[in-house]
file structure.cif (mmCIF, C-alpha atoms, pLDDT in the B column; chains and numbers go by the auth columns)
data_final
loop_
_atom_site.group_PDB
_atom_site.id
_atom_site.type_symbol
_atom_site.label_atom_id
_atom_site.label_comp_id
_atom_site.label_asym_id
_atom_site.label_seq_id
_atom_site.Cartn_x
_atom_site.Cartn_y
_atom_site.Cartn_z
_atom_site.B_iso_or_equiv
_atom_site.auth_seq_id
_atom_site.auth_asym_id
ATOM 1 C CA MET A 1 18.533 109.748 40.302 44.00 10 A
ATOM 2 C CA ARG A 2 15.815 111.836 41.990 39.00 11 A
ATOM 3 C CA CYS A 3 17.215 114.938 40.266 45.00 12 A
ATOM 4 C CA LEU A 4 16.977 113.208 36.907 42.00 13 A
ATOM 5 C CA ALA A 5 13.369 112.225 37.512 37.00 14 A
ATOM 6 C CA ALA A 6 12.462 115.769 38.542 38.00 15 A
ATOM 7 C CA ILE A 7 13.934 117.245 35.395 38.00 16 A
ATOM 8 C CA LEU A 8 12.048 114.637 33.361 36.00 17 A
ATOM 9 C CA LEU A 9 8.753 115.751 34.866 33.00 18 A
ATOM 10 C CA ILE A 10 9.464 119.444 34.351 34.00 19 A
ATOM 11 C CA PHE A 11 10.891 119.404 30.846 35.00 20 A
ATOM 12 C CA ILE A 12 9.997 116.185 29.076 33.00 21 A
ATOM 13 C CA LEU A 13 6.433 115.239 29.939 32.00 22 A
ATOM 14 C CA PRO A 14 4.700 118.494 28.924 32.00 23 A
ATOM 15 C CA THR A 15 6.056 118.521 25.355 30.00 24 A
ATOM 16 C CA LEU A 16 8.481 115.618 25.077 30.00 25 A
ATOM 17 C CA ALA A 17 11.157 118.190 24.432 30.00 26 A
ATOM 18 C CA GLU A 18 14.118 116.543 22.485 33.00 27 A
ATOM 19 C CA ALA A 19 17.339 115.184 21.606 33.00 28 A
ATOM 20 C CA ALA A 20 20.199 113.599 23.390 36.00 29 A
ATOM 21 C CA GLY A 21 22.851 116.255 23.375 38.00 30 A
ATOM 22 C CA PRO A 22 26.336 115.411 22.161 41.00 31 A
ATOM 23 C CA LEU A 23 27.815 112.291 23.711 39.00 32 A
ATOM 24 C CA VAL A 24 31.004 113.728 25.178 42.00 33 A
ATOM 25 C CA PRO A 25 32.783 112.914 28.454 41.00 34 A
ATOM 26 C CA THR A 26 31.317 114.226 31.675 47.00 35 A
ATOM 27 C CA ASP A 27 33.126 117.311 32.938 46.00 36 A
ATOM 28 C CA ASN A 28 35.366 116.735 35.919 47.00 37 A
ATOM 29 C CA SER A 29 34.153 119.850 37.736 48.00 38 A
ATOM 30 C CA GLY A 30 32.135 118.267 40.528 51.00 39 A
ATOM 31 C CA SER A 31 28.892 118.744 38.588 58.00 40 A
ATOM 32 C CA THR A 32 26.661 115.678 38.429 77.00 41 A
ATOM 33 C CA LEU A 33 23.837 116.959 36.218 83.00 42 A
ATOM 34 C CA ASP A 34 23.884 118.634 32.822 85.00 43 A
ATOM 35 C CA PHE A 35 21.140 120.050 30.642 90.00 44 A
ATOM 36 C CA SER A 36 21.567 120.666 26.911 92.00 45 A
ATOM 37 C CA LEU A 37 19.593 122.224 24.083 93.00 46 A
ATOM 38 C CA ARG A 38 20.260 120.724 20.644 91.00 47 A
ATOM 39 C CA PHE A 39 19.517 121.642 17.045 94.00 48 A
ATOM 40 C CA ALA A 40 20.316 118.972 14.457 94.00 49 A
ATOM 41 C CA ARG A 41 19.740 118.051 10.832 96.00 50 A
ATOM 42 C CA ALA A 42 20.765 114.877 9.026 97.00 51 A
ATOM 43 C CA GLU A 43 20.314 113.026 5.760 97.00 52 A
ATOM 44 C CA ILE A 44 19.537 109.311 5.976 96.00 53 A
ATOM 45 C CA PRO A 45 18.831 106.860 3.129 95.00 54 A
ATOM 46 C CA LEU A 46 16.042 104.537 4.291 96.00 55 A
ATOM 47 C CA GLU A 47 16.060 101.105 2.669 95.00 56 A
ATOM 48 C CA TYR A 48 12.618 99.892 1.609 94.00 57 A
ATOM 49 C CA ALA A 49 12.128 96.596 -0.238 90.00 58 A
ATOM 50 C CA GLY A 50 13.583 97.161 -3.703 83.00 59 A
ATOM 51 C CA ARG A 51 14.349 100.873 -3.283 90.00 60 A
ATOM 52 C CA THR A 52 16.233 103.405 -1.186 93.00 61 A
ATOM 53 C CA GLN A 53 14.383 106.510 -0.052 94.00 62 A
ATOM 54 C CA ASP A 54 16.477 109.655 0.592 95.00 63 A
ATOM 55 C CA SER A 55 15.200 111.354 3.741 96.00 64 A
ATOM 56 C CA THR A 56 16.062 114.480 5.713 97.00 65 A
ATOM 57 C CA ASN A 57 15.474 114.429 9.467 97.00 66 A
ATOM 58 C CA SER A 58 15.569 117.515 11.734 97.00 67 A
ATOM 59 C CA TRP A 59 15.364 117.795 15.523 96.00 68 A
ATOM 60 C CA LEU A 60 14.956 120.457 18.206 96.00 69 A
ATOM 61 C CA GLY A 61 15.002 119.580 21.864 92.00 70 A
ATOM 62 C CA VAL A 62 16.702 118.961 25.167 93.00 71 A
ATOM 63 C CA SER A 63 18.577 116.238 26.992 92.00 72 A
ATOM 64 C CA VAL A 64 19.331 115.724 30.667 92.00 73 A
ATOM 65 C CA ARG A 65 22.199 113.575 31.904 90.00 74 A
ATOM 66 C CA GLU A 66 23.144 112.626 35.463 90.00 75 A
ATOM 67 C CA GLN A 67 26.459 111.209 36.641 87.00 76 A
ATOM 68 C CA VAL A 68 25.662 108.052 38.621 91.00 77 A
ATOM 69 C CA SER A 69 29.276 107.033 39.334 89.00 78 A
ATOM 70 C CA PRO A 70 32.707 108.629 38.769 85.00 79 A
ATOM 71 C CA ARG A 71 32.831 107.239 35.215 88.00 80 A
ATOM 72 C CA VAL A 72 29.216 106.538 34.209 91.00 81 A
ATOM 73 C CA THR A 73 26.513 109.013 33.167 91.00 82 A
ATOM 74 C CA LEU A 74 22.892 108.147 32.284 94.00 83 A
ATOM 75 C CA GLY A 75 20.653 110.359 30.180 93.00 84 A
ATOM 76 C CA ILE A 76 17.133 110.874 28.919 94.00 85 A
ATOM 77 C CA TYR A 77 16.026 112.901 25.931 94.00 86 A
ATOM 78 C CA GLY A 78 12.996 113.633 23.812 94.00 87 A
ATOM 79 C CA GLY A 79 11.708 116.287 21.486 95.00 88 A
ATOM 80 C CA TYR A 80 10.332 117.547 18.253 97.00 89 A
ATOM 81 C CA ALA A 81 11.197 115.876 14.942 98.00 90 A
ATOM 82 C CA TRP A 82 10.537 116.654 11.280 98.00 91 A
ATOM 83 C CA LEU A 83 10.978 114.530 8.156 98.00 92 A
ATOM 84 C CA THR A 84 10.952 115.213 4.414 97.00 93 A
ATOM 85 C CA GLN A 85 11.538 112.729 1.596 94.00 94 A
ATOM 86 C CA THR A 86 12.134 112.853 -2.140 87.00 95 A
ATOM 87 C CA ASN A 87 10.505 110.548 -4.700 86.00 96 A
ATOM 88 C CA ASN A 88 8.123 108.914 -2.231 91.00 97 A
ATOM 89 C CA PRO A 89 4.530 109.205 -3.608 90.00 98 A
ATOM 90 C CA VAL A 90 2.841 109.394 -0.196 94.00 99 A
ATOM 91 C CA THR A 91 5.213 112.029 1.256 94.00 100 A
ATOM 92 C CA ALA A 92 5.996 114.116 -1.847 89.00 101 A
ATOM 93 C CA GLY A 93 5.736 117.846 -1.186 90.00 102 A
ATOM 94 C CA ILE A 94 4.908 117.544 2.528 95.00 103 A
ATOM 95 C CA GLU A 95 6.768 117.718 5.828 97.00 104 A
ATOM 96 C CA LEU A 96 5.938 115.168 8.497 98.00 105 A
ATOM 97 C CA ASP A 97 6.254 116.282 12.112 98.00 106 A
ATOM 98 C CA GLY A 98 6.193 114.561 15.467 98.00 107 A
ATOM 99 C CA TYR A 99 8.509 113.672 18.308 97.00 108 A
ATOM 100 C CA HIS A 100 11.357 111.466 19.389 96.00 109 A
ATOM 101 C CA ALA A 101 12.614 110.229 22.757 96.00 110 A
ATOM 102 C CA GLY A 102 15.352 107.993 24.065 95.00 111 A
ATOM 103 C CA ILE A 103 17.853 106.938 26.713 95.00 112 A
ATOM 104 C CA SER A 104 21.633 106.998 26.764 93.00 113 A
ATOM 105 C CA MET A 105 24.595 105.722 28.762 94.00 114 A
ATOM 106 C CA HIS A 106 28.045 107.294 28.681 91.00 115 A
ATOM 107 C CA ALA A 107 31.232 105.839 30.221 91.00 116 A
ATOM 108 C CA VAL A 108 34.733 107.292 30.567 90.00 117 A
ATOM 109 C CA LEU A 109 36.943 104.279 29.858 94.00 118 A
ATOM 110 C CA LEU A 110 40.412 105.799 30.237 94.00 119 A
ATOM 111 C CA PRO A 111 40.479 109.230 31.897 89.00 120 A
ATOM 112 C CA GLY A 112 43.383 111.632 31.461 88.00 121 A
ATOM 113 C CA GLN A 113 44.258 115.289 31.943 85.00 122 A
ATOM 114 C CA ARG A 114 44.796 116.006 28.239 90.00 123 A
ATOM 115 C CA ALA A 115 43.064 113.053 26.579 92.00 124 A
ATOM 116 C CA SER A 116 40.273 110.659 27.578 91.00 125 A
ATOM 117 C CA LEU A 117 38.801 107.563 25.942 94.00 126 A
ATOM 118 C CA TYR A 118 35.040 107.174 26.262 92.00 127 A
ATOM 119 C CA GLY A 119 32.169 105.056 25.007 93.00 128 A
ATOM 120 C CA ALA A 120 28.441 105.748 24.625 93.00 129 A
ATOM 121 C CA LEU A 121 25.270 103.774 23.921 94.00 130 A
ATOM 122 C CA ASP A 122 21.869 105.179 23.049 93.00 131 A
ATOM 123 C CA TYR A 123 18.460 103.927 21.959 97.00 132 A
ATOM 124 C CA SER A 124 15.708 106.148 20.570 96.00 133 A
ATOM 125 C CA TYR A 125 12.243 106.075 19.032 98.00 134 A
ATOM 126 C CA GLN A 126 10.678 108.675 16.785 98.00 135 A
ATOM 127 C CA LYS A 127 7.265 109.050 15.197 98.00 136 A
ATOM 128 C CA MET A 128 6.184 111.592 12.571 98.00 137 A
ATOM 129 C CA ASP A 129 2.938 111.942 10.643 98.00 138 A
ATOM 130 C CA HIS A 130 0.956 114.112 8.250 97.00 139 A
ATOM 131 C CA GLU A 131 -2.801 114.148 7.619 95.00 140 A
ATOM 132 C CA GLY A 132 -4.216 115.704 4.461 91.00 141 A
ATOM 133 C CA ASP A 133 -7.667 115.780 2.899 89.00 142 A
ATOM 134 C CA ALA A 134 -7.189 112.508 1.001 90.00 143 A
ATOM 135 C CA GLN A 135 -4.071 110.942 2.478 93.00 144 A
ATOM 136 C CA GLU A 136 -2.600 110.201 5.888 96.00 145 A
ATOM 137 C CA VAL A 137 0.903 108.853 6.430 97.00 146 A
ATOM 138 C CA VAL A 138 2.766 107.831 9.586 98.00 147 A
ATOM 139 C CA ILE A 139 6.488 107.003 9.703 98.00 148 A
ATOM 140 C CA ASP A 140 8.171 105.754 12.847 98.00 149 A
ATOM 141 C CA TRP A 141 11.423 103.997 13.670 98.00 150 A
ATOM 142 C CA THR A 142 13.785 102.875 16.400 98.00 151 A
ATOM 143 C CA GLN A 143 17.496 103.624 16.317 97.00 152 A
ATOM 144 C CA SER A 144 20.285 102.008 18.324 97.00 153 A
ATOM 145 C CA GLN A 145 23.869 103.216 18.242 96.00 154 A
ATOM 146 C CA ALA A 146 27.245 102.787 19.954 96.00 155 A
ATOM 147 C CA GLN A 147 30.159 105.224 19.930 94.00 156 A
ATOM 148 C CA LEU A 148 33.822 105.009 20.910 95.00 157 A
ATOM 149 C CA GLY A 149 35.694 108.288 20.983 93.00 158 A
ATOM 150 C CA ILE A 150 38.606 110.360 22.246 93.00 159 A
ATOM 151 C CA MET A 151 38.325 113.769 23.903 91.00 160 A
ATOM 152 C CA LEU A 152 41.355 116.070 23.602 92.00 161 A
ATOM 153 C CA THR A 153 41.765 119.188 25.746 90.00 162 A
ATOM 154 C CA LEU A 154 43.336 121.782 23.438 93.00 163 A
ATOM 155 C CA THR A 155 43.279 124.781 25.787 91.00 164 A
ATOM 156 C CA ARG A 156 41.482 125.739 28.985 86.00 165 A
ATOM 157 C CA ASP A 157 38.330 126.526 26.982 88.00 166 A
ATOM 158 C CA TRP A 158 38.557 124.391 23.815 92.00 167 A
ATOM 159 C CA ARG A 159 38.062 120.628 23.517 90.00 168 A
ATOM 160 C CA LEU A 160 38.185 118.490 20.386 93.00 169 A
ATOM 161 C CA TYR A 161 36.525 115.083 20.250 93.00 170 A
ATOM 162 C CA GLY A 162 35.931 112.394 17.665 94.00 171 A
ATOM 163 C CA GLY A 163 35.770 108.681 17.010 95.00 172 A
ATOM 164 C CA GLY A 164 33.763 105.879 15.459 96.00 173 A
ATOM 165 C CA SER A 165 30.150 104.770 15.655 96.00 174 A
ATOM 166 C CA TYR A 166 28.040 101.736 14.787 97.00 175 A
ATOM 167 C CA GLY A 167 24.265 101.598 14.588 96.00 176 A
ATOM 168 C CA LYS A 168 21.080 100.664 12.757 97.00 177 A
ATOM 169 C CA VAL A 169 17.509 101.835 12.128 97.00 178 A
ATOM 170 C CA ASP A 170 14.318 99.740 11.890 97.00 179 A
ATOM 171 C CA GLY A 171 11.003 101.339 10.979 97.00 180 A
ATOM 172 C CA GLU A 172 7.593 101.259 9.370 98.00 181 A
ATOM 173 C CA GLU A 173 5.597 103.471 6.988 98.00 182 A
ATOM 174 C CA ARG A 174 1.795 103.350 7.240 98.00 183 A
ATOM 175 C CA ALA A 175 -0.410 105.082 4.666 97.00 184 A
ATOM 176 C CA SER A 176 -4.205 105.330 4.544 96.00 185 A
ATOM 177 C CA GLY A 177 -6.569 107.155 2.201 94.00 186 A
ATOM 178 C CA SER A 178 -5.941 107.324 -1.538 92.00 187 A
ATOM 179 C CA VAL A 179 -3.039 104.912 -0.989 95.00 188 A
ATOM 180 C CA ASN A 180 -3.236 102.180 1.638 96.00 189 A
ATOM 181 C CA HIS A 181 -0.180 100.200 2.683 96.00 190 A
ATOM 182 C CA THR A 182 2.160 99.224 5.492 97.00 191 A
ATOM 183 C CA LEU A 183 5.831 99.031 4.516 97.00 192 A
ATOM 184 C CA ASP A 184 8.861 98.043 6.565 97.00 193 A
ATOM 185 C CA PHE A 185 12.179 99.812 6.065 96.00 194 A
ATOM 186 C CA GLU A 186 15.613 99.892 7.648 97.00 195 A
ATOM 187 C CA ARG A 187 18.998 101.466 7.602 95.00 196 A
ATOM 188 C CA GLY A 188 21.163 98.388 7.917 92.00 197 A
ATOM 189 C CA ALA A 189 23.844 98.140 10.599 92.00 198 A
ATOM 190 C CA ARG A 190 26.883 100.142 9.571 94.00 199 A
ATOM 191 C CA ALA A 191 29.937 101.922 10.935 97.00 200 A
ATOM 192 C CA GLY A 192 30.593 105.651 10.759 97.00 201 A
ATOM 193 C CA GLY A 193 32.504 108.473 12.355 96.00 202 A
ATOM 194 C CA PHE A 194 32.020 111.767 14.174 95.00 203 A
ATOM 195 C CA ILE A 195 34.068 114.825 15.118 94.00 204 A
ATOM 196 C CA GLY A 196 33.167 117.821 17.250 92.00 205 A
ATOM 197 C CA LEU A 197 34.466 120.994 18.850 92.00 206 A
ATOM 198 C CA ASP A 198 33.392 122.049 22.343 89.00 207 A
ATOM 199 C CA LEU A 199 33.854 125.585 23.763 91.00 208 A
ATOM 200 C CA ASN A 200 33.600 126.499 27.459 87.00 209 A
ATOM 201 C CA VAL A 201 31.920 129.934 27.430 88.00 210 A
ATOM 202 C CA GLU A 202 31.603 130.359 31.206 79.00 211 A
ATOM 203 C CA THR A 203 32.216 128.358 34.376 76.00 212 A
ATOM 204 C CA ASP A 204 29.605 125.685 33.633 79.00 213 A
ATOM 205 C CA GLY A 205 28.387 126.622 30.150 84.00 214 A
ATOM 206 C CA TYR A 206 29.340 125.135 26.780 87.00 215 A
ATOM 207 C CA ILE A 207 28.491 125.500 23.120 91.00 216 A
ATOM 208 C CA GLY A 208 29.627 123.148 20.384 91.00 217 A
ATOM 209 C CA ILE A 209 29.216 121.687 16.936 93.00 218 A
ATOM 210 C CA GLU A 210 29.440 118.064 15.823 94.00 219 A
ATOM 211 C CA ALA A 211 29.533 116.472 12.367 95.00 220 A
ATOM 212 C CA ARG A 212 28.824 112.785 11.778 94.00 221 A
ATOM 213 C CA SER A 213 28.602 110.204 9.007 95.00 222 A
ATOM 214 C CA GLY A 214 27.774 106.516 8.627 94.00 223 A
ATOM 215 C CA LEU A 215 24.260 105.669 9.784 93.00 224 A
ATOM 216 C CA MET A 216 23.302 109.222 8.839 95.00 225 A
ATOM 217 C CA ARG A 217 25.175 112.306 7.669 96.00 226 A
ATOM 218 C CA GLY A 218 24.559 115.573 9.446 96.00 227 A
ATOM 219 C CA ILE A 219 25.430 118.435 11.792 95.00 228 A
ATOM 220 C CA ASP A 220 24.496 119.106 15.445 93.00 229 A
ATOM 221 C CA ILE A 221 24.721 122.423 17.278 93.00 230 A
ATOM 222 C CA TYR A 222 24.316 122.308 21.043 92.00 231 A
ATOM 223 C CA PHE A 223 24.248 124.487 24.147 91.00 232 A
ATOM 224 C CA LYS A 224 24.983 122.781 27.465 88.00 233 A
ATOM 225 C CA ARG A 225 25.091 123.772 31.117 86.00 234 A
ATOM 226 C CA SER A 226 26.241 121.713 34.088 80.00 235 A
ATOM 227 C CA PHE A 227 24.711 121.915 37.566 76.00 236 A
#

call {"tool": "encode", "arguments": {"input": "structure.cif", "output": "structure tokens"}}
result
Amino acid sequence: MRCLAAILLIFILPTLAEAAGPLVPTDNSGSTLDFSLRFARAEIPLEYAGRTQDSTNSWLGVSVREQVSPRVTLGIYGGYAWLTQTNNPVTAGIELDGYHAGISMHAVLLPGQRASLYGALDYSYQKMDHEGDAQEVVIDWTQSQAQLGIMLTLTRDWRLYGGGSYGKVDGEERASGSVNHTLDFERGARAGGFIGLDLNVETDGYIGIEARSGLMRGIDIYFKRSF
């Protein structure tokens, strides 16, 4: 765990760098630490009282995960976040920016040479704001999610993974200036799915893409290296 704390100090505290890379099984290569860079974009309908607000969330950042037992890996992540919305009077025509951060736990439930069953839990917080001449708005929320998936080894370099997810979002919008209000919103608990493709590009390096639906609908692209 000392390695994990050191990486946190180097990468996370200066800028709160970003996002929990893809939740896929830990490689069985003797490596106990992996670092990933992630780019992601997703659409999420946020449910305010009496209306649903279509929102687009983007992220750029890093995650660090450390294997703490043969089957369990813990992770930390944090980073930049951006949000745009349509048909919301206080956010129309602007892009909110800020950060997000979180923790994750990954467990290999049934390991195998060609196929493995795994589960993952993560909890995150993000906060974005925008300040104009006459209006300031802050939007923040927490997100909790669980995943259950299967990893299939297709060839020496290619892995396919996918499964189901279940999660929810709870948040708040605060506006001050020309419009003053505090509004609660949520994305109610719901199930979804995900599928991804993982390519080993060198001994300990990986790139991949993941698509997901349910709580939000979007695409992740990631670059990962194990140490």

call {"tool": "closest_residue", "arguments": {"input": "structure.cif", "among": "A:Asp131, A:Asp193, A:Glu219, A:Glu145", "to": "Gly176 (chain A)", "atoms": "all atoms listed in the file"}}
result
A:Asp131

call {"tool": "closest_residue", "arguments": {"input": "structure.cif", "among": "A:Gly107, A:Gly84, A:Gly173, A:Tyr215", "to": "Tyr132 (chain A)", "atoms": "only C-alpha atoms"}}
result
A:Gly84

call {"tool": "closest_residue", "arguments": {"input": "structure.cif", "among": "A:Val147, A:Glu140, A:Asp106, A:Ala155", "to": "Thr191 (chain A)", "atoms": "all atoms listed in the file"}}
result
A:Val147

call {"tool": "resolve_selection", "arguments": {"input": "structure.cif", "expression": "the PyMOL selection byres ((chain A and resi 65) around 7)", "output": "PyMOL selection string"}}
result
chain A and resi 51-53+64+66-67+92-94

call {"tool": "residues_around", "arguments": {"input": "structure.cif", "residues": "Met225 (chain A)", "least_positions_apart": "6", "cutoff": "12 Å", "atoms": "all atoms listed in the file", "output": "PyMOL selection string"}}
result
chain A and resi 49-55+63-67+152+154+174-178+196-203

call {"tool": "write_last_selection", "arguments": {"input": "structure.cif", "atoms": "C-alpha atoms", "output": "tab-separated table (two decimals), in the frame of the given file"}}
result
chain	number	residue	atom	x	y	z
A	49	ALA	CA	20.32	118.97	14.46
A	50	ARG	CA	19.74	118.05	10.83
A	51	ALA	CA	20.76	114.88	9.03
A	52	GLU	CA	20.31	113.03	5.76
A	53	ILE	CA	19.54	109.31	5.98
A	54	PRO	CA	18.83	106.86	3.13
A	55	LEU	CA	16.04	104.54	4.29
A	63	ASP	CA	16.48	109.66	0.59
A	64	SER	CA	15.20	111.35	3.74
A	65	THR	CA	16.06	114.48	5.71
A	66	ASN	CA	15.47	114.43	9.47
A	67	SER	CA	15.57	117.52	11.73
A	152	GLN	CA	17.50	103.62	16.32
A	154	GLN	CA	23.87	103.22	18.24
A	174	SER	CA	30.15	104.77	15.66
A	175	TYR	CA	28.04	101.74	14.79
A	176	GLY	CA	24.26	101.60	14.59
A	177	LYS	CA	21.08	100.66	12.76
A	178	VAL	CA	17.51	101.84	12.13
A	196	ARG	CA	19.00	101.47	7.60
A	197	GLY	CA	21.16	98.39	7.92
A	198	ALA	CA	23.84	98.14	10.60
A	199	ARG	CA	26.88	100.14	9.57
A	200	ALA	CA	29.94	101.92	10.94
A	201	GLY	CA	30.59	105.65	10.76
A	202	GLY	CA	32.50	108.47	12.36
A	203	PHE	CA	32.02	111.77	14.17

call {"tool": "atom_distance", "arguments": {"input": "structure.cif", "atom1": "CA of Tyr134 (chain A)", "atom2": "CA of Ile230 (chain A)"}}
result
20.6 Å

call {"tool": "residues_around", "arguments": {"input": "structure.cif", "residues": "Val117 (chain A)", "least_positions_apart": "4", "cutoff": "10 Å", "atoms": "only C-alpha atoms", "output": "PyMOL selection string"}}
result
chain A and resi 33-35+79-82+121+125-129+157-160

call {"tool": "closest_residue", "arguments": {"input": "structure.cif", "among": "A:Gln135, A:Asn209, A:Asn189, A:Ser72", "to": "Ile148 (chain A)", "atoms": "all atoms listed in the file"}}
result
A:Gln135

call {"tool": "resolve_selection", "arguments": {"input": "structure.cif", "expression": "the PyMOL selection byres ((chain A and resi 208) around 8)", "output": "list in words"}}
result
Asp166, Trp167, Arg168, Leu206, Asp207, Asn209, Val210, Tyr215, Ile216 and Gly217 of chain A

call {"tool": "atom_distance", "arguments": {"input": "structure.cif", "atom1": "CA of Ala184 (chain A)", "atom2": "CA of Pro98 (chain A)"}}
result
10.5 Å

call {"tool": "atom_distance", "arguments": {"input": "structure.cif", "atom1": "CA of Ser235 (chain A)", "atom2": "CA of Gly223 (chain A)"}}
result
29.7 Å

call {"tool": "closest_residue", "arguments": {"input": "structure.cif", "among": "A:Tyr86, A:Arg165, A:Leu42, A:Met137", "to": "Tyr108 (chain A)", "atoms": "all atoms listed in the file"}}
result
A:Met137

call {"tool": "resolve_selection", "arguments": {"input": "structure.cif", "expression": "the PyMOL selection byres ((chain A and resi 188) around 9)", "output": "MDAnalysis selection string"}}
result
chainID A and resid 99 143:145 184:187 189:190

call {"tool": "axis_aligned_box", "arguments": {"input": "structure.cif", "around": "region 210-225 of chain A", "padding_each_side": "8 Å", "output": "JSON"}}
result
{"center_x": 27.8, "center_y": 118.0, "center_z": 21.5, "size_x": 24.9, "size_y": 40.7, "size_z": 41.7}
